[in-house]
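Colleague: First the structure, then my questions, so here it is.
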Amino acid sequence: MAIEFSDSISIVLCGAAGQGIATVETLLTSALKKSGFHVFSTQEFMSRVRGGTNSTTIRVSTNRVQSYCEKIDILVPFTREAVSHVKNRLSSISCIIGNKKLFESNSDAQSCILVDVNYEAVAEEIGHRVYSNSVAVGVLAGLLQTDRQLIAGLMADRFQSKGEKIVNNNIEAVKRGCDLADEIMSSNQLPPLPSLINQPSVSSELYLSGRDAVALGAIAGGCNYVIFYPMAPSTGVGAFLARNRLKFGIVSDQTEDEISAINKAFGAWYAGARALVTTSGGGFALMTEGLSLAGVTEMPLIIHLGQRPGPATGMPTRTEQGDLELVLYSGHGDFPRVIYAPGTLKEAFLMTQQAFNIAAKYQVPVIILTDHYFINTSYNLPSLDYENTIVEKHLIETQSGYQRYQFTEDGISPRGIPGRGEGFIRVDSHTHTQNSQITEDPVIRKNMVDKMFKKLQQLKEVAIKPNFLGNSEDEVLVISWGSTFHNVKGAITELGKKGHSLSYLHFSQVYPIHRSTSDYLKKAKKIVMVENNATGQFAQQLYLEFGIKMTRKVLKYTGYPFSIEELVKELEKELK
Amino acid sequence: MMVNSSDFDREVEVHWCPGCGNYPALKILKETLTDLNITPNNAVIVTGIGQAGKFSHFIEGNMINGLHGRYLSNALAIKASNPELSVFAISGDGCTYSEGGNHFLHTMRYNPSIVNIVHDNAVYGLTKGQASPTSEIGVKTGVQTLGVYNTPFNPIAVAIAQNASFVARAFVGHAEQTKEILKKAIAHKGYAFIDLFSPCVSFNRINTYQWYRENTYYLEDSYTPFDQKEAIGRALERSKLPLGVFYINERPTYEDNIQIYKNDSRPLWERDLSKEKLKTLINSFR
Ligand SMILES: Cc1ncc(C[n+]2csc(CCOP(=O)(O)OP(=O)(O)O)c2C)c(N)n1
Ligand code: SF4
């Protein structure tokens with residue numbers, strides 16, 4: 001039986017790259033949020049600049065909405081290919097609203113409710129077909145009872161730089177769209193859509209994406225140097241920081257390659273900067289010798305890795321959680337590291353912020369693992385708690401005779417930087433003495449390795465606890481990590497409505513793993529792991545660390561994210 | 001405060017073979033820094049891996065001994081993070097032209113104010129005598145048993161063609177002239193590159209001190225290093241190899257171009273996040 005989602009409406013915009021779907025999305029989500037509705041949107045697109053078929057799913061809701069569903073209430077097709085592109089998501093309640101030429105002869109559309117609206121023709125009446133997207137915004141906004149005054153204001157802001165005529169024509173286009181919506185509704189062409197209730201308090205909430213949350217977290221963490229070689233889906237974080245570089249005094253470097261990127265980050269931290277590298281799996285693979293360098297030299301480093309399906313070039317604009325083992329095992333030799341995998345926008349902001357402090361304090365590399373889905377998904381949230389964050393530098397002014405790798409009780413040697421104090425900052429990629437001289441002495445070697453691993457003990461103490469939702473009496477414990485949080489939670493909520501009680505353990509830090517995990521694993525009768533990869537890489541980690549095997553692994557490696565519907569189906573199997 | 005050459009001495013065993021060109025190179029650098037009153041505190045020596053890469057271990061002061069091939073990236077970022085530091089990037093021909101070739105090409109384009117000294121001994125010293133990118137065709141080694149057949153890399157010509165802002169060649173056997181070239185490089189604003197002939201007495205039996213003395217000459221006093229075409233012409237000479245400053249092309253440095261030091265010269269470590277600006281930025285998402 002299909003899930004109803006009675007408190008929300010799901011709109012899909014589908015067309016070719018270059019047709020302006022993103023503009024419609026931006027305007028519509030902004031108008032809806034400002035009207036007081038909860039809004040979620042996620043994009044899937046092909047790795048091409050023009051053509052192909054891409055889609056954006058927008059969910060509008062009375063209640064907070066942060067997860068992805070397949071259900072489509074309204075589809076706006078921009079090309080002939082659009083309907084077939086999403087055919088598996090269409091049902092008898094789906095309304096296709098657009099130029100009938102795009103769907104009338106398509107058998108995939110026939111079970112749906114079809115509404116012929118020619119956005120282009122209306123746009124041409126206004127003066128040019130470029131306004132057709134604004135007509136579409138108007139139709140959708142009108143159907144969803146958005147504040148019309150507010151949309152006119154948004155149009156004015158958006159097109160301000162293009163002059164008065166263009167602003168006015170866009171406002172006119174939206175108005176005509178809203179009128180069309182009125183006609184559609186009064187002529188009873190549509191079945192009743194779920195009726196939504198807006199709340200004024202939502203209108204002033206933030207609306208941001210995973211990319212924004214990571215980049216804002218970096219700024220809050222005191223990031224003043226961003227280094228990257230463009231690679232989807234990680235580039236947006238670099239571009240965001242580059243655009244804000246003068247405001248925040250950030251050095252932004254699109255470098256010659258990823259090997260240079262990591263070695264620049266190293267030089268920057270050495271000199272006292274707080275550098276972020278942003279990359280994807282392929283780029284990270286090239287950085288691994290640099291990661292190892294940070295290991296032996298106890299240099300802080302922050303790497304944001306936006307995952308996409310591999311191996312090799314894989315699917316550049318699709319999603320996967322396939323690089324956990326890569327970041328866990330990369331870099332030759334033994335050395336400690338920290339790996340975060342935020343599941344919510346709030347976590348992405350706070351964990352990226354905190355990554356800078358943890359790296360600075362413990363002098364280790366910290367990796368933030370996201371993925372295409374997380375980076376390209378947005379929703380509204382009340383605020384980001386930047387006020388309670390602090391930038392911890394963990395730097396000292398050195399005295400003469402300073403030794404960079406002085407042995408200490410806790411393994412952490414106070415970190416100085418060149419140009420501040422009397423001491424010399426000597427950093428060596430070989431196994432070194434306390435003062436960074438090359439050494440092959442077995443005792444010093446062992447002491448230096450032990451020093452590094454004393455820090456791992458402390459990193460375990462400050463590891464972020466997994467997030468437990470549910471009752472410890474539940475028979476089934478579902479586990480997932482990183483970007484799957486909201487979708488798994490959404491599925492468990494739906495199952496709850498059907499009377500099934502499952503508990504859920506989500507990990508936003510995947511290494512080192514918090515020790516409380518052990519209790520949850522021991523208590524659970526059945527454990528189901530949900531991962532967006534082919535082998536269950538995190539399940540393997542839990543097995544290695546705690547010796548417990550999963551009852552079932554729900555693995556998806558098509559390049560696409562889990563939907564609530566498919567997770568409900570998968571989890572139900574364990575309930576029978 | 002006066003700087004003494006001995007301020008740069010370290011009480012450690014030096015690992016090079018007796019007679020290695022790296023010894024006079026080390027002495028030349030220490031004396032030049034002393035002459036210019038650069039203290040070990042405001043200099044950073046950044047090296048890669050190789051015999052020349054060990055340089056940083058034998059000189060007092062701030063240093064990074066990083067990875068094979070990657071030291072230019074370290075050095076550039078240090079300068080960008082704190083333009084007040086004098087950054088010296090030093091390594092071998094294998095490290096710079098082979099493993100780090102891409103960084104060599106691109107550092108020229110960025111034009112950071114760092115001095116890059118490449119100890120060119122036309123061989124891989126540390127890994128015991130394989131051919132390097134500057135080895136001549138026909139040179140036999142334990143690996144290239146029938147002789148090198150790859151065309152040698154011409155770092156000077158490449159740097160000039162790429163419009164590197166300061167391009168010079170020197171020879172460790174000529175201490176005074178090398179010091180003069182080094183002083184010009186240090187005074188230069190922008191990327192200053194010196195290919196430094198530095199004999200490997202253990203593995204290169206062809207390019208000896210004697211050979212360099214006989215097969216090099218200095219660019220004439222009348223030579224002006226501002227004409228790119230003429231400079232390239234000189235860089236292509238093979239019968240006798242010119243020494244001296246081939247090319248200077250003054251232009252904005254990387255530190256200038258990144259803009260953030262224009263109104264605020266403080267290095268990055270001294271700066272703090274403005275929460276007000278962060279608040280404004282976050283609120284722009286409302
Ligand atoms: C990634 C990597 N590859 C290979 C090596 C081994 N290695 C160390 S030094 C060197 C070459 C040294 O030649 P050069 O840079 O010319 O310096 P020299 O020893 O002659 O001064 C090599 C291949 C290494 N350290 N790291
Ligand atoms: S092997 Fe050659 S380069 Fe290395 S120390 Fe000996 S002489 Fe110098």
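Following the order of the structure tokens, first chain is A, next is B, and so on, with residues numbered from 1 inside each chain and ligands from 1 in the order they appear.
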Residues within 12 Å of ligand 2, counting only C-alpha atoms and all ligand atoms: report them as a ChimeraX atom specification.
Modeller: /B:14-26,49-55,91-94,119-130,132,197-205,207-209
Colleague: Using only C-alpha atoms, select each residue of chain B with any atom at most 6 Å away from an atom of chain A, and give the selection as a PyMOL selection string.
Modeller: chain B and resi 42+61-66+73-74+77-78+81+260+268-269+273+285-286
Colleague: Keeping only all heavy atoms, write those residues as a CSV table (one decimal), in the first residue's frame.
Modeller:
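Output (part13.csv):
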```csv
chain,number,residue,atom,x,y,z
B,42,ASN,N,63.0,34.4,11.3
B,42,ASN,CA,62.0,34.8,10.3
B,42,ASN,C,62.2,34.1,9.0
B,42,ASN,O,61.5,34.5,8.0
B,42,ASN,CB,61.9,36.3,10.2
B,42,ASN,CG,63.2,37.0,10.0
B,42,ASN,OD1,64.1,36.4,9.4
B,42,ASN,ND2,63.4,38.2,10.4
B,61,GLY,N,66.9,26.8,12.5
B,61,GLY,CA,65.8,27.7,12.2
B,61,GLY,C,64.5,26.9,11.9
B,61,GLY,O,64.5,25.7,12.2
B,62,ASN,N,63.5,27.6,11.5
B,62,ASN,CA,62.2,27.0,11.1
B,62,ASN,C,62.4,26.1,9.9
B,62,ASN,O,63.1,26.5,8.9
B,62,ASN,CB,61.2,28.0,10.9
B,62,ASN,CG,61.0,28.9,12.0
B,62,ASN,OD1,60.7,28.5,13.1
B,62,ASN,ND2,61.2,30.2,11.8
B,63,MET,N,61.8,25.0,9.9
B,63,MET,CA,61.9,24.1,8.7
B,63,MET,C,60.8,23.1,8.6
B,63,MET,O,60.2,22.7,9.5
B,63,MET,CB,63.2,23.4,8.7
B,63,MET,CG,63.4,22.3,9.7
B,63,MET,SD,62.9,20.7,9.0
B,63,MET,CE,63.7,19.5,10.1
B,64,ILE,N,60.5,22.8,7.3
B,64,ILE,CA,59.7,21.6,7.0
B,64,ILE,C,60.6,20.7,6.1
B,64,ILE,O,61.1,21.2,5.1
B,64,ILE,CB,58.4,22.0,6.2
B,64,ILE,CG1,57.4,22.7,7.0
B,64,ILE,CG2,57.8,20.7,5.6
B,64,ILE,CD1,56.1,23.1,6.2
B,65,ASN,N,60.7,19.5,6.5
B,65,ASN,CA,61.2,18.5,5.6
B,65,ASN,C,60.0,17.6,5.2
B,65,ASN,O,59.6,16.7,5.9
B,65,ASN,CB,62.4,17.7,6.2
B,65,ASN,CG,63.0,16.7,5.3
B,65,ASN,OD1,63.7,15.7,5.7
B,65,ASN,ND2,62.8,16.8,4.0
B,66,GLY,N,59.4,17.9,4.1
B,66,GLY,CA,58.2,17.3,3.7
B,66,GLY,C,58.3,16.1,2.8
B,66,GLY,O,59.2,15.3,3.1
B,73,SER,N,54.6,23.3,-2.9
B,73,SER,CA,53.2,23.5,-2.4
B,73,SER,C,53.2,23.9,-0.9
B,73,SER,O,52.5,24.9,-0.5
B,73,SER,CB,52.4,22.3,-2.5
B,73,SER,OG,52.2,22.0,-3.9
B,74,ASN,N,54.1,23.3,-0.1
B,74,ASN,CA,54.2,23.7,1.3
B,74,ASN,C,54.7,25.1,1.4
B,74,ASN,O,54.1,26.0,2.1
B,74,ASN,CB,55.3,22.8,2.0
B,74,ASN,CG,55.0,21.3,2.1
B,74,ASN,OD1,56.0,20.6,2.2
B,74,ASN,ND2,53.8,20.9,1.9
B,77,ALA,N,52.1,27.9,0.4
B,77,ALA,CA,51.1,28.1,1.4
B,77,ALA,C,51.6,28.8,2.6
B,77,ALA,O,50.9,29.6,3.2
B,77,ALA,CB,50.4,26.8,1.7
B,78,ILE,N,52.8,28.6,3.0
B,78,ILE,CA,53.4,29.3,4.1
B,78,ILE,C,53.5,30.8,3.8
B,78,ILE,O,53.1,31.6,4.6
B,78,ILE,CB,54.8,28.8,4.4
B,78,ILE,CG1,54.8,27.3,4.9
B,78,ILE,CG2,55.5,29.7,5.5
B,78,ILE,CD1,56.1,26.6,5.0
B,81,SER,N,50.1,32.3,3.9
B,81,SER,CA,49.5,32.4,5.3
B,81,SER,C,50.2,33.5,6.1
B,81,SER,O,49.6,34.0,7.0
B,81,SER,CB,49.7,31.1,6.0
B,81,SER,OG,49.1,30.0,5.3
B,260,ILE,N,43.9,39.8,0.4
B,260,ILE,CA,43.5,40.0,1.8
B,260,ILE,C,44.5,40.7,2.7
B,260,ILE,O,44.2,41.1,3.8
B,260,ILE,CB,43.1,38.6,2.5
B,260,ILE,CG1,44.3,37.7,2.5
B,260,ILE,CG2,42.0,37.9,1.7
B,260,ILE,CD1,44.1,36.6,3.5
B,268,LEU,N,47.7,35.2,8.9
B,268,LEU,CA,46.4,34.6,9.2
B,268,LEU,C,46.3,34.2,10.7
B,268,LEU,O,45.2,34.3,11.3
B,268,LEU,CB,46.2,33.4,8.3
B,268,LEU,CG,46.0,33.7,6.8
B,268,LEU,CD1,45.8,32.4,6.1
B,268,LEU,CD2,44.9,34.7,6.6
B,269,TRP,N,47.4,33.8,11.3
B,269,TRP,CA,47.3,33.3,12.7
B,269,TRP,C,46.9,34.4,13.7
B,269,TRP,O,46.3,34.1,14.7
B,269,TRP,CB,48.5,32.6,13.1
B,269,TRP,CG,49.8,33.4,13.3
B,269,TRP,CD1,50.7,33.6,12.4
B,269,TRP,CD2,50.1,34.2,14.4
B,269,TRP,NE1,51.7,34.4,12.9
B,269,TRP,CE2,51.4,34.8,14.1
B,269,TRP,CE3,49.6,34.5,15.7
B,269,TRP,CZ2,52.0,35.7,15.0
B,269,TRP,CZ3,50.2,35.3,16.6
B,269,TRP,CH2,51.4,35.9,16.2
B,273,LEU,N,37.9,35.4,13.8
B,273,LEU,CA,36.6,35.4,13.0
B,273,LEU,C,35.7,36.6,13.5
B,273,LEU,O,35.6,36.8,14.7
B,273,LEU,CB,35.9,34.1,13.3
B,273,LEU,CG,34.5,34.0,12.9
B,273,LEU,CD1,34.3,34.0,11.4
B,273,LEU,CD2,33.9,32.7,13.4
B,285,PHE,N,20.4,33.6,4.7
B,285,PHE,CA,19.6,32.3,4.3
B,285,PHE,C,18.2,32.3,4.8
B,285,PHE,O,17.5,31.4,4.7
B,285,PHE,CB,20.4,31.1,4.8
B,285,PHE,CG,21.6,30.8,4.0
B,285,PHE,CD1,22.8,31.4,4.4
B,285,PHE,CD2,21.6,30.0,2.9
B,285,PHE,CE1,24.0,31.1,3.6
B,285,PHE,CE2,22.7,29.8,2.1
B,285,PHE,CZ,23.9,30.3,2.5
B,286,ARG,N,17.8,33.4,5.5
B,286,ARG,CA,16.4,33.4,6.1
B,286,ARG,C,15.4,33.8,5.0
B,286,ARG,O,15.7,34.4,4.1
B,286,ARG,CB,16.4,34.4,7.2
B,286,ARG,CG,17.1,33.9,8.4
B,286,ARG,CD,16.8,34.6,9.7
B,286,ARG,NE,17.8,34.2,10.7
B,286,ARG,CZ,17.6,33.1,11.5
B,286,ARG,NH1,16.5,32.4,11.4
B,286,ARG,NH2,18.5,32.8,12.3
```
Colleague: Determine which residues of stretch 267-317 of chain A DSSP labels as alpha helix (DSSP H) from the backbone of this structure, then write them out as a ChimeraX atom specification.
Modeller: /A:267-270,281-297
Colleague: Which of these residues is nearest to ligand 1, using only C-alpha atoms and all ligand atoms: B:Cys95, B:Val148, B:Leu72, B:Ile45?
Modeller: B:Cys95
Colleague: To test your reading of the structure, identify every residue in stretch 69-248 of chain B that backbone DSSP assigns to strand (DSSP E or B), and report it as a PyMOL selection string.
Modeller: chain B and resi 86-92+114-120+123-124+130-131+166-171+192-197+216-218+241-248
Colleague: Looking at only C-alpha atoms, which of A:Lys165, A:His514, A:Ile302, A:His38 is the one that sits closest to A:Val226?
Modeller: A:Ile302
Colleague: For ligand 1, which residue among A:Ile368, A:Val530, A:Met287, A:Ala355 is the nearest when counting only C-alpha atoms and all ligand atoms?
Modeller: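 Of A:Ile368, A:Val530, A:Met287, A:Ala355, the one nearest ligand 1 is A:Met287, counting only C-alpha atoms and all ligand atoms.
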Colleague: Would you please work out which residue, of B:Val118, B:Met108, B:Ala75, B:Val46, is nearest to ligand 1 when using only C-alpha atoms and all ligand atoms?
Modeller: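 Among B:Val118, B:Met108, B:Ala75, B:Val46, it is B:Val118 that comes nearest to ligand 1.
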Colleague: So what do you get for atom CA of B:Ser86 versus atom CA of B:Val44, distance-wise?
Modeller: 6.2 Å
Colleague: I want to know what sits within 9 Å of A:Ala348, based on only C-alpha atoms, with residues of the same chain fewer than 2 positions away left out; could you give that as a list in words?
Modeller: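 Contacts, with the query itself left out: Gly210, Arg211, Ala213, Val214, Ala215, Gly217, Tyr340, Ala341, Pro342, Gly343, Thr344, Leu345, Lys346, Leu350, Met351, Thr352, Gln353, Ile368 and Thr370 of chain A.
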Colleague: Store the residues picked out above in a file with N, CA, C and O atoms, as an mmCIF file, in the first residue's frame.
Modeller:
```
data_model
loop_
_atom_site.group_PDB
_atom_site.id
_atom_site.type_symbol
_atom_site.label_atom_id
_atom_site.label_comp_id
_atom_site.auth_asym_id
_atom_site.auth_seq_id
_atom_site.Cartn_x
_atom_site.Cartn_y
_atom_site.Cartn_z
ATOM 1 N N GLY A 210 23.161 21.111 2.274
ATOM 2 C CA GLY A 210 24.306 20.482 2.929
ATOM 3 C C GLY A 210 25.590 21.219 2.598
ATOM 4 O O GLY A 210 26.448 21.412 3.463
ATOM 5 N N ARG A 211 25.697 21.637 1.351
ATOM 6 C CA ARG A 211 26.876 22.408 0.947
ATOM 7 C C ARG A 211 26.998 23.675 1.790
ATOM 8 O O ARG A 211 28.061 23.985 2.324
ATOM 9 N N ALA A 213 25.735 24.283 4.725
ATOM 10 C CA ALA A 213 25.971 23.989 6.142
ATOM 11 C C ALA A 213 27.446 23.674 6.395
ATOM 12 O O ALA A 213 28.024 24.130 7.384
ATOM 13 N N VAL A 214 28.059 22.917 5.501
ATOM 14 C CA VAL A 214 29.487 22.593 5.669
ATOM 15 C C VAL A 214 30.319 23.869 5.538
ATOM 16 O O VAL A 214 31.204 24.142 6.359
ATOM 17 N N ALA A 215 30.016 24.674 4.540
ATOM 18 C CA ALA A 215 30.815 25.884 4.311
ATOM 19 C C ALA A 215 30.641 26.882 5.454
ATOM 20 O O ALA A 215 31.616 27.474 5.925
ATOM 21 N N GLY A 217 29.864 26.110 8.501
ATOM 22 C CA GLY A 217 30.563 25.498 9.631
ATOM 23 C C GLY A 217 32.056 25.771 9.564
ATOM 24 O O GLY A 217 32.701 26.044 10.578
ATOM 25 N N TYR A 340 34.157 12.305 10.656
ATOM 26 C CA TYR A 340 32.775 12.708 10.921
ATOM 27 C C TYR A 340 31.924 12.434 9.679
ATOM 28 O O TYR A 340 32.405 12.530 8.552
ATOM 29 N N ALA A 341 30.652 12.145 9.899
ATOM 30 C CA ALA A 341 29.722 11.944 8.783
ATOM 31 C C ALA A 341 28.366 12.507 9.192
ATOM 32 O O ALA A 341 27.480 11.769 9.628
ATOM 33 N N PRO A 342 28.201 13.829 9.085
ATOM 34 C CA PRO A 342 26.976 14.441 9.581
ATOM 35 C C PRO A 342 25.725 13.903 8.890
ATOM 36 O O PRO A 342 25.746 13.588 7.701
ATOM 37 N N GLY A 343 24.644 13.814 9.672
ATOM 38 C CA GLY A 343 23.385 13.318 9.120
ATOM 39 C C GLY A 343 22.366 14.417 8.925
ATOM 40 O O GLY A 343 21.389 14.256 8.207
ATOM 41 N N THR A 344 22.571 15.550 9.593
ATOM 42 C CA THR A 344 21.618 16.660 9.481
ATOM 43 C C THR A 344 22.390 17.932 9.151
ATOM 44 O O THR A 344 23.614 17.983 9.320
ATOM 45 N N LEU A 345 21.670 18.947 8.739
ATOM 46 C CA LEU A 345 22.325 20.223 8.416
ATOM 47 C C LEU A 345 22.946 20.828 9.670
ATOM 48 O O LEU A 345 24.036 21.395 9.645
ATOM 49 N N LYS A 346 22.236 20.688 10.778
ATOM 50 C CA LYS A 346 22.740 21.212 12.033
ATOM 51 C C LYS A 346 24.061 20.520 12.392
ATOM 52 O O LYS A 346 25.040 21.172 12.789
ATOM 53 N N LEU A 350 27.778 22.192 12.875
ATOM 54 C CA LEU A 350 28.495 22.119 14.154
ATOM 55 C C LEU A 350 29.717 21.217 14.074
ATOM 56 O O LEU A 350 30.763 21.504 14.661
ATOM 57 N N MET A 351 29.617 20.119 13.318
ATOM 58 C CA MET A 351 30.756 19.200 13.256
ATOM 59 C C MET A 351 31.883 19.769 12.420
ATOM 60 O O MET A 351 33.052 19.549 12.726
ATOM 61 N N THR A 352 31.550 20.492 11.367
ATOM 62 C CA THR A 352 32.622 21.109 10.578
ATOM 63 C C THR A 352 33.303 22.176 11.433
ATOM 64 O O THR A 352 34.526 22.294 11.445
ATOM 65 N N GLN A 353 32.492 22.926 12.173
ATOM 66 C CA GLN A 353 33.057 23.928 13.086
ATOM 67 C C GLN A 353 34.000 23.241 14.077
ATOM 68 O O GLN A 353 35.153 23.631 14.240
ATOM 69 N N ILE A 368 35.674 15.080 7.018
ATOM 70 C CA ILE A 368 34.225 15.230 7.069
ATOM 71 C C ILE A 368 33.675 14.558 5.816
ATOM 72 O O ILE A 368 33.946 14.991 4.701
ATOM 73 N N THR A 370 30.723 13.650 3.481
ATOM 74 C CA THR A 370 29.336 13.850 3.049
ATOM 75 C C THR A 370 29.177 13.104 1.733
ATOM 76 O O THR A 370 30.016 12.273 1.386
#
```
Colleague: Rounded to one decimal, what separation in Å do you get between atom CA of A:Val366 and atom CA of B:Ala43?
Modeller: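 Pair atom CA of A:Val366 / atom CA of B:Ala43 returns 29.0 Å.
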Colleague: Can you tell me how far atom CA of B:Thr134 sits from atom CA of B:Glu230, in Å to one decimal?
Modeller: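 Separation between atom CA of B:Thr134 and atom CA of B:Glu230: 22.2 Å.
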Colleague: Taking only C-alpha atoms and all ligand atoms into account, which of B:Ile248, B:Ile59, B:Leu67, B:Val3 comes nearest ligand 1?
Modeller: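 Looking only at the distances to ligand 1, the closest residue turns out to be B:Leu67.
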Colleague: Nearest to ligand 1: which of B:Asn116, B:Ser239, B:Thr141, B:Thr96 is it, counting only C-alpha atoms and all ligand atoms?
Modeller: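 Of all the options, B:Thr96 lies closest to ligand 1.
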